[in-house]
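Notes for the one structure printed next.
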Amino acid sequence: MKMELRVQNKSYRTEKTYLYWVRDFSGWIRSKAPDQLGTDDVRSYLTHLTMKRNISFATQKQAFIALLFLFRHVLNKEIHGLESVVRARINRKLPVVFSQQEIAEILKYMSEDYQLMCRLIYGGGLRLSECLELRVKDIDINGGSIIVRSGKGNKDRITLLSRSVIPAIEKHIAKIRRRFETDRRENLPGVPLPFALQHKYPNASIEWSWYWIFPSPRLSVCPRTGQAGRFHIFQSSLQKAFHNALSQSGIPKKAGIHSLRHSFATHLIEAGYDIRTVQELLGHSDVSTTMIYTHVAAKNKLSVISPMDRIDIVDDSHNTPKQHKTIVPRS
């Protein structure tokens, strides 16, 4: 399973997720041999996840895709007739969106480097992994753009580099340049390269253009190759910094880093940009995924006045009788 995932160039996160569900499925069927597995086993397992574990629709779909990969590419079997599987309920939840004032308040409680990461994410609609995997060559300061390489679905795209971030990113690049030069003087291992570029360009891993924008302060070992190198910082580091800043800001919203991406899309739509432009900047394959932000951005869109606003109620503490206005229907 692991070999097939790597042959198809699946990301390490996808590999971990698929292997988790295959292990869980293996534990559920217990001692049944792989050549005896079939559609009934998958159907029973997916129904079990819904009925006994009460998982969400997205989680059930993730488990199904992992098992479909196992059967199709490893066991060489097709899965059919899953119409009787008990489906998890689809919950249509609106994304959590911050106002620009709330984002400014959260950033006040973050250190310089983490603040810069969040400004890039909000300013360009980046995913968390896309921000941390940026390399020096991906930042086009003169063009005011960011090149996202091998994003979700292994697709490249160009998005915005906020002009207000340019002084901070120039200062940050100068700082990491000094770390890069120190690595070279000490002859430390370079940065990991995607796919087979290490063999095609043997010196690319120690070139400045391939260096991380947000390198880790320590060397670490690649879980796939076992080779030491300079990786980017861990996702959990930025997530923890963001949650601490959100807590200190006192903003009563349950949100994570991804809400900055939601806010980017919502604020663009509120500013009047068309949905296709926002779709391209976000890297969505289907415009229907982008349409969710129109629901969040459409507040007070029709200038509807609440009927409660047509009633005057004076506070009883002033010992003044309440006055009510009669609502007259419009013709």
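Within each chain, counting starts at residue 1; across the structure tokens, chains are named A, B, ... in the order shown, with ligands numbered 1 upward in that order.
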Give the helix (DSSP H, G or I) residues of stretch 68-271 of chain A, as DSSP finds them on the backbone, and put them as a VMD selection string. chain A and resid 68 to 74 100 to 107 112 to 124 128 to 132 136 to 138 163 to 185 197 to 200 204 to 206 208 to 210 235 to 249 258 to 270
Store the residues picked out above in a file with C-alpha atoms, as a CSV table (one decimal), in the first residue's frame.
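Dumped everything to again_30.csv:
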```csv
chain,number,residue,atom,x,y,z
A,68,LEU,CA,-11.1,2.2,-2.6
A,69,PHE,CA,-7.4,2.9,-3.2
A,70,LEU,CA,-6.5,-0.3,-1.4
A,71,PHE,CA,-8.9,-2.5,-3.3
A,72,ARG,CA,-8.3,-0.9,-6.7
A,73,HIS,CA,-4.5,-0.5,-6.7
A,74,VAL,CA,-3.2,-3.1,-4.2
A,100,GLN,CA,-10.6,42.8,9.3
A,101,GLN,CA,-10.6,44.5,12.7
A,102,GLU,CA,-10.6,41.0,14.4
A,103,ILE,CA,-7.7,39.9,12.3
A,104,ALA,CA,-5.7,43.0,13.2
A,105,GLU,CA,-6.4,42.3,16.9
A,106,ILE,CA,-5.3,38.7,16.7
A,107,LEU,CA,-2.0,39.6,14.9
A,112,GLU,CA,7.1,38.7,14.2
A,113,ASP,CA,7.6,35.5,12.2
A,114,TYR,CA,4.2,33.9,13.0
A,115,GLN,CA,2.5,37.2,12.3
A,116,LEU,CA,4.1,37.3,8.9
A,117,MET,CA,2.9,33.8,8.1
A,118,CYS,CA,-0.7,34.8,9.0
A,119,ARG,CA,-0.5,37.9,6.9
A,120,LEU,CA,0.6,35.8,3.9
A,121,ILE,CA,-2.2,33.3,4.5
A,122,TYR,CA,-4.8,36.0,4.8
A,123,GLY,CA,-3.3,38.2,2.1
A,124,GLY,CA,-3.2,35.5,-0.5
A,128,LEU,CA,-1.5,26.4,6.0
A,129,SER,CA,0.7,23.8,4.2
A,130,GLU,CA,1.0,26.1,1.2
A,131,CYS,CA,2.4,28.9,3.3
A,132,LEU,CA,4.9,26.8,5.2
A,136,VAL,CA,12.5,31.7,-2.0
A,137,LYS,CA,11.9,31.4,-5.7
A,138,ASP,CA,8.1,31.3,-5.1
A,163,ARG,CA,1.8,45.1,-0.9
A,164,SER,CA,1.6,45.9,2.8
A,165,VAL,CA,3.6,42.7,3.6
A,166,ILE,CA,6.5,43.4,1.2
A,167,PRO,CA,8.7,45.4,3.8
A,168,ALA,CA,8.2,42.6,6.3
A,169,ILE,CA,8.9,39.8,3.8
A,170,GLU,CA,12.1,41.6,2.5
A,171,LYS,CA,13.4,41.9,6.1
A,172,HIS,CA,12.5,38.2,6.7
A,173,ILE,CA,14.3,37.0,3.6
A,174,ALA,CA,17.4,38.9,4.6
A,175,LYS,CA,17.3,37.2,7.9
A,176,ILE,CA,16.9,33.7,6.5
A,177,ARG,CA,19.7,34.4,4.0
A,178,ARG,CA,22.1,34.7,6.9
A,179,ARG,CA,20.9,31.3,8.2
A,180,PHE,CA,21.4,29.8,4.7
A,181,GLU,CA,24.9,31.1,4.5
A,182,THR,CA,25.7,29.7,7.9
A,183,ASP,CA,24.4,26.3,6.7
A,184,ARG,CA,26.7,26.4,3.7
A,185,ARG,CA,29.7,27.4,5.8
A,197,LEU,CA,14.7,16.6,-8.5
A,198,GLN,CA,17.4,15.6,-6.1
A,199,HIS,CA,18.7,13.2,-8.7
A,200,LYS,CA,18.1,15.5,-11.7
A,204,ALA,CA,19.6,22.2,-6.0
A,205,SER,CA,19.1,21.3,-2.4
A,206,ILE,CA,21.9,23.7,-1.3
A,208,TRP,CA,19.5,29.7,-2.3
A,209,SER,CA,16.4,29.7,-4.6
A,210,TRP,CA,15.2,26.4,-3.2
A,235,GLN,CA,2.4,23.1,11.2
A,236,SER,CA,1.6,22.6,14.9
A,237,SER,CA,4.0,25.5,15.8
A,238,LEU,CA,1.9,28.1,13.8
A,239,GLN,CA,-1.4,26.5,14.9
A,240,LYS,CA,-0.5,26.8,18.6
A,241,ALA,CA,0.7,30.4,18.2
A,242,PHE,CA,-2.5,31.3,16.4
A,243,HIS,CA,-4.8,29.7,19.0
A,244,ASN,CA,-2.9,31.5,21.8
A,245,ALA,CA,-3.3,34.8,20.0
A,246,LEU,CA,-7.0,34.2,19.5
A,247,SER,CA,-7.4,33.4,23.1
A,248,GLN,CA,-5.6,36.5,24.2
A,249,SER,CA,-7.6,38.7,21.9
A,258,HIS,CA,-7.9,28.1,7.9
A,259,SER,CA,-10.4,30.8,8.9
A,260,LEU,CA,-7.9,33.4,7.5
A,261,ARG,CA,-8.3,31.7,4.1
A,262,HIS,CA,-12.1,31.8,4.6
A,263,SER,CA,-11.8,35.5,5.5
A,264,PHE,CA,-9.7,36.3,2.4
A,265,ALA,CA,-12.4,34.8,0.1
A,266,THR,CA,-15.3,36.4,1.9
A,267,HIS,CA,-13.8,39.9,2.0
A,268,LEU,CA,-12.9,39.7,-1.8
A,269,ILE,CA,-16.6,38.9,-2.6
A,270,GLU,CA,-17.8,41.6,-0.3
```
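Reported to one decimal place, the separation of atom CA of A:Phe57 from atom CA of A:Ser150 is 26.5 Å.
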Write out as JSON, numbers by chain all residues of stretch 140-232 of chain A that backbone DSSP assigns to strand (DSSP E). {"A": [140, 145, 146, 147, 148, 157, 158, 159, 160, 220, 221, 228, 229]}
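Of the listed residues A:Arg276, A:Lys108, A:Arg135, A:Pro252, the one whose atoms come nearest to A:Glu207 is A:Arg135, with distances taken using only C-alpha atoms.
If you look at atom CA of A:Val97 and atom CA of A:Lys253, they are 8.9 Å away from each other.
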Contacts of stretch 218-230 of chain A within 7 Å, only C-alpha atoms, excl. fewer than 3 positions in-chain, as a ChimeraX atom specification: /A:189-192,215
Could you turn the residues from that selection into a file that holds N, CA and C atoms, as a PDB file, in the first residue's frame?
```pdb
ATOM      1  N   PRO A 189      23.395  19.555   5.771  1.00  0.00           N
ATOM      2  CA  PRO A 189      22.544  19.040   4.685  1.00  0.00           C
ATOM      3  C   PRO A 189      21.600  20.132   4.169  1.00  0.00           C
ATOM      4  N   GLY A 190      21.234  20.034   2.900  1.00  0.00           N
ATOM      5  CA  GLY A 190      20.357  21.021   2.291  1.00  0.00           C
ATOM      6  C   GLY A 190      18.890  20.755   2.588  1.00  0.00           C
ATOM      7  N   VAL A 191      18.040  21.400   1.824  1.00  0.00           N
ATOM      8  CA  VAL A 191      16.600  21.241   2.005  1.00  0.00           C
ATOM      9  C   VAL A 191      16.105  20.096   1.128  1.00  0.00           C
ATOM     10  N   PRO A 192      15.040  19.407   1.530  1.00  0.00           N
ATOM     11  CA  PRO A 192      14.505  18.327   0.681  1.00  0.00           C
ATOM     12  C   PRO A 192      13.865  18.895  -0.578  1.00  0.00           C
ATOM     13  N   PRO A 215      12.173  28.294   7.313  1.00  0.00           N
ATOM     14  CA  PRO A 215      12.915  27.078   7.660  1.00  0.00           C
ATOM     15  C   PRO A 215      12.832  26.765   9.150  1.00  0.00           C
TER      16      PRO A 215
END
```
Excluding stretch 14-20 of chain A and its own-chain neighbours fewer than 2 positions away, which residues fall within 12 Å of it when counting only C-alpha atoms? Please give them as a PDB file with N, CA and C atoms, in the first residue's frame.
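Okay, result-v8.pdb is ready:
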```pdb
ATOM      1  N   MET A   1       0.839  -1.202   0.000  1.00  0.00           N
ATOM      2  CA  MET A   1       0.000   0.000   0.000  1.00  0.00           C
ATOM      3  C   MET A   1       0.876   1.255   0.000  1.00  0.00           C
ATOM      4  N   LYS A   2       1.869   1.253   0.874  1.00  0.00           N
ATOM      5  CA  LYS A   2       2.779   2.404   0.959  1.00  0.00           C
ATOM      6  C   LYS A   2       3.558   2.581  -0.338  1.00  0.00           C
ATOM      7  N   MET A   3       4.000   1.484  -0.914  1.00  0.00           N
ATOM      8  CA  MET A   3       4.757   1.561  -2.170  1.00  0.00           C
ATOM      9  C   MET A   3       3.895   2.147  -3.286  1.00  0.00           C
ATOM     10  N   GLU A   4       2.647   1.710  -3.373  1.00  0.00           N
ATOM     11  CA  GLU A   4       1.755   2.194  -4.432  1.00  0.00           C
ATOM     12  C   GLU A   4       1.442   3.677  -4.243  1.00  0.00           C
ATOM     13  N   LEU A   5       1.283   4.112  -3.020  1.00  0.00           N
ATOM     14  CA  LEU A   5       1.035   5.525  -2.735  1.00  0.00           C
ATOM     15  C   LEU A   5       2.195   6.389  -3.213  1.00  0.00           C
ATOM     16  N   ARG A   6       3.402   5.902  -3.012  1.00  0.00           N
ATOM     17  CA  ARG A   6       4.575   6.681  -3.398  1.00  0.00           C
ATOM     18  C   ARG A   6       4.806   6.629  -4.910  1.00  0.00           C
ATOM     19  N   VAL A   7       4.445   5.514  -5.549  1.00  0.00           N
ATOM     20  CA  VAL A   7       4.535   5.438  -7.005  1.00  0.00           C
ATOM     21  C   VAL A   7       3.619   6.483  -7.640  1.00  0.00           C
ATOM     22  N   GLN A   8       2.459   6.707  -7.027  1.00  0.00           N
ATOM     23  CA  GLN A   8       1.497   7.668  -7.558  1.00  0.00           C
ATOM     24  C   GLN A   8       1.729   9.092  -7.025  1.00  0.00           C
ATOM     25  N   ASN A   9       2.846   9.303  -6.360  1.00  0.00           N
ATOM     26  CA  ASN A   9       3.242  10.631  -5.881  1.00  0.00           C
ATOM     27  C   ASN A   9       2.208  11.266  -4.950  1.00  0.00           C
ATOM     28  N   LYS A  10       1.585  10.459  -4.108  1.00  0.00           N
ATOM     29  CA  LYS A  10       0.677  11.010  -3.110  1.00  0.00           C
ATOM     30  C   LYS A  10       1.495  11.721  -2.035  1.00  0.00           C
ATOM     31  N   SER A  11       0.932  12.767  -1.471  1.00  0.00           N
ATOM     32  CA  SER A  11       1.651  13.518  -0.442  1.00  0.00           C
ATOM     33  C   SER A  11       1.823  12.677   0.814  1.00  0.00           C
ATOM     34  N   TYR A  12       2.754  13.101   1.675  1.00  0.00           N
ATOM     35  CA  TYR A  12       3.009  12.344   2.904  1.00  0.00           C
ATOM     36  C   TYR A  12       1.786  12.360   3.812  1.00  0.00           C
ATOM     37  N   VAL A  22      -6.632   2.044   6.517  1.00  0.00           N
ATOM     38  CA  VAL A  22      -6.386   0.644   6.172  1.00  0.00           C
ATOM     39  C   VAL A  22      -6.060  -0.169   7.427  1.00  0.00           C
ATOM     40  N   ARG A  23      -5.278   0.418   8.327  1.00  0.00           N
ATOM     41  CA  ARG A  23      -4.974  -0.270   9.594  1.00  0.00           C
ATOM     42  C   ARG A  23      -6.247  -0.454  10.427  1.00  0.00           C
ATOM     43  N   ASP A  24      -7.079   0.587  10.444  1.00  0.00           N
ATOM     44  CA  ASP A  24      -8.321   0.510  11.222  1.00  0.00           C
ATOM     45  C   ASP A  24      -9.252  -0.550  10.630  1.00  0.00           C
ATOM     46  N   PHE A  25      -9.333  -0.590   9.307  1.00  0.00           N
ATOM     47  CA  PHE A  25     -10.149  -1.599   8.624  1.00  0.00           C
ATOM     48  C   PHE A  25      -9.602  -2.997   8.892  1.00  0.00           C
ATOM     49  N   SER A  26      -8.284  -3.134   8.868  1.00  0.00           N
ATOM     50  CA  SER A  26      -7.647  -4.422   9.126  1.00  0.00           C
ATOM     51  C   SER A  26      -7.952  -4.912  10.540  1.00  0.00           C
ATOM     52  N   GLY A  27      -7.915  -3.972  11.505  1.00  0.00           N
ATOM     53  CA  GLY A  27      -8.237  -4.348  12.878  1.00  0.00           C
ATOM     54  C   GLY A  27      -9.697  -4.739  13.046  1.00  0.00           C
ATOM     55  N   THR A  59     -15.613  12.410   7.096  1.00  0.00           N
ATOM     56  CA  THR A  59     -14.732  11.361   7.605  1.00  0.00           C
ATOM     57  C   THR A  59     -15.069  10.018   6.973  1.00  0.00           C
ATOM     58  N   LYS A  61     -16.393   9.578   4.040  1.00  0.00           N
ATOM     59  CA  LYS A  61     -15.941   9.656   2.648  1.00  0.00           C
ATOM     60  C   LYS A  61     -14.437   9.440   2.568  1.00  0.00           C
ATOM     61  N   GLN A  62     -13.700   9.997   3.519  1.00  0.00           N
ATOM     62  CA  GLN A  62     -12.244   9.822   3.554  1.00  0.00           C
ATOM     63  C   GLN A  62     -11.884   8.353   3.731  1.00  0.00           C
ATOM     64  N   ALA A  63     -12.586   7.657   4.634  1.00  0.00           N
ATOM     65  CA  ALA A  63     -12.332   6.236   4.860  1.00  0.00           C
ATOM     66  C   ALA A  63     -12.641   5.426   3.602  1.00  0.00           C
ATOM     67  N   PHE A  64     -13.742   5.770   2.931  1.00  0.00           N
ATOM     68  CA  PHE A  64     -14.116   5.041   1.712  1.00  0.00           C
ATOM     69  C   PHE A  64     -13.066   5.205   0.611  1.00  0.00           C
ATOM     70  N   ILE A  65     -12.559   6.434   0.425  1.00  0.00           N
ATOM     71  CA  ILE A  65     -11.564   6.687  -0.622  1.00  0.00           C
ATOM     72  C   ILE A  65     -10.285   5.911  -0.334  1.00  0.00           C
ATOM     73  N   ALA A  66      -9.904   5.841   0.944  1.00  0.00           N
ATOM     74  CA  ALA A  66      -8.705   5.077   1.313  1.00  0.00           C
ATOM     75  C   ALA A  66      -8.880   3.597   0.992  1.00  0.00           C
ATOM     76  N   LEU A  67     -10.064   3.043   1.316  1.00  0.00           N
ATOM     77  CA  LEU A  67     -10.311   1.627   1.036  1.00  0.00           C
ATOM     78  C   LEU A  67     -10.446   1.370  -0.461  1.00  0.00           C
ATOM     79  N   LEU A  68     -11.019   2.329  -1.173  1.00  0.00           N
ATOM     80  CA  LEU A  68     -11.124   2.194  -2.631  1.00  0.00           C
ATOM     81  C   LEU A  68      -9.733   2.117  -3.260  1.00  0.00           C
ATOM     82  N   PHE A  69      -8.810   2.938  -2.749  1.00  0.00           N
ATOM     83  CA  PHE A  69      -7.428   2.891  -3.235  1.00  0.00           C
ATOM     84  C   PHE A  69      -6.813   1.526  -2.947  1.00  0.00           C
ATOM     85  N   LEU A  70      -7.042   1.007  -1.743  1.00  0.00           N
ATOM     86  CA  LEU A  70      -6.500  -0.304  -1.363  1.00  0.00           C
ATOM     87  C   LEU A  70      -6.999  -1.401  -2.289  1.00  0.00           C
ATOM     88  N   LYS A 152      -3.161  21.646  -3.314  1.00  0.00           N
ATOM     89  CA  LYS A 152      -4.121  20.544  -3.204  1.00  0.00           C
ATOM     90  C   LYS A 152      -4.490  20.054  -4.588  1.00  0.00           C
ATOM     91  N   GLY A 153      -4.454  18.726  -4.781  1.00  0.00           N
ATOM     92  CA  GLY A 153      -4.678  18.170  -6.104  1.00  0.00           C
ATOM     93  C   GLY A 153      -3.445  18.229  -6.982  1.00  0.00           C
ATOM     94  N   ASN A 154      -2.291  18.536  -6.363  1.00  0.00           N
ATOM     95  CA  ASN A 154      -1.011  18.617  -7.078  1.00  0.00           C
ATOM     96  C   ASN A 154      -1.053  19.656  -8.203  1.00  0.00           C
ATOM     97  N   PRO A 223      10.847  11.298   7.190  1.00  0.00           N
ATOM     98  CA  PRO A 223      10.259   9.993   7.553  1.00  0.00           C
ATOM     99  C   PRO A 223      10.210   9.022   6.388  1.00  0.00           C
ATOM    100  N   ARG A 224      10.328   9.513   5.156  1.00  0.00           N
ATOM    101  CA  ARG A 224      10.276   8.635   3.994  1.00  0.00           C
ATOM    102  C   ARG A 224      11.653   8.106   3.608  1.00  0.00           C
TER     103      ARG A 224
END
```
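Using only C-alpha atoms for every distance, the candidate list A:Pro194, A:Val148, A:Ala271, A:Glu78 yields A:Glu78 as the residue closest to A:Thr39.
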Skipping near chain neighbours, those fewer than 2 positions away, what residues fall within 12 Å of A:Asp41 using only C-alpha atoms, listed as a PyMOL selection string? chain A and resi 25-26+28-30+32-39+43-48+64+67+71+79-82+85
Need to verify the contact set: A:Ile275, 8 Å, only C-alpha atoms, exclusion of same-chain residues closer than 5 positions in sequence. Can you return it as a ChimeraX atom specification? /A:269,287,290-291
Dump of C-alpha atoms for the selected residues, as an mmCIF file, in the first residue's frame:
```cif
data_model
loop_
_atom_site.group_PDB
_atom_site.id
_atom_site.type_symbol
_atom_site.label_atom_id
_atom_site.label_comp_id
_atom_site.auth_asym_id
_atom_site.auth_seq_id
_atom_site.Cartn_x
_atom_site.Cartn_y
_atom_site.Cartn_z
ATOM 1 C CA ILE A 269 -16.557 38.852 -2.588
ATOM 2 C CA VAL A 287 -16.858 26.884 -8.484
ATOM 3 C CA THR A 290 -16.211 28.792 -3.763
ATOM 4 C CA MET A 291 -19.933 29.630 -3.730
#
```
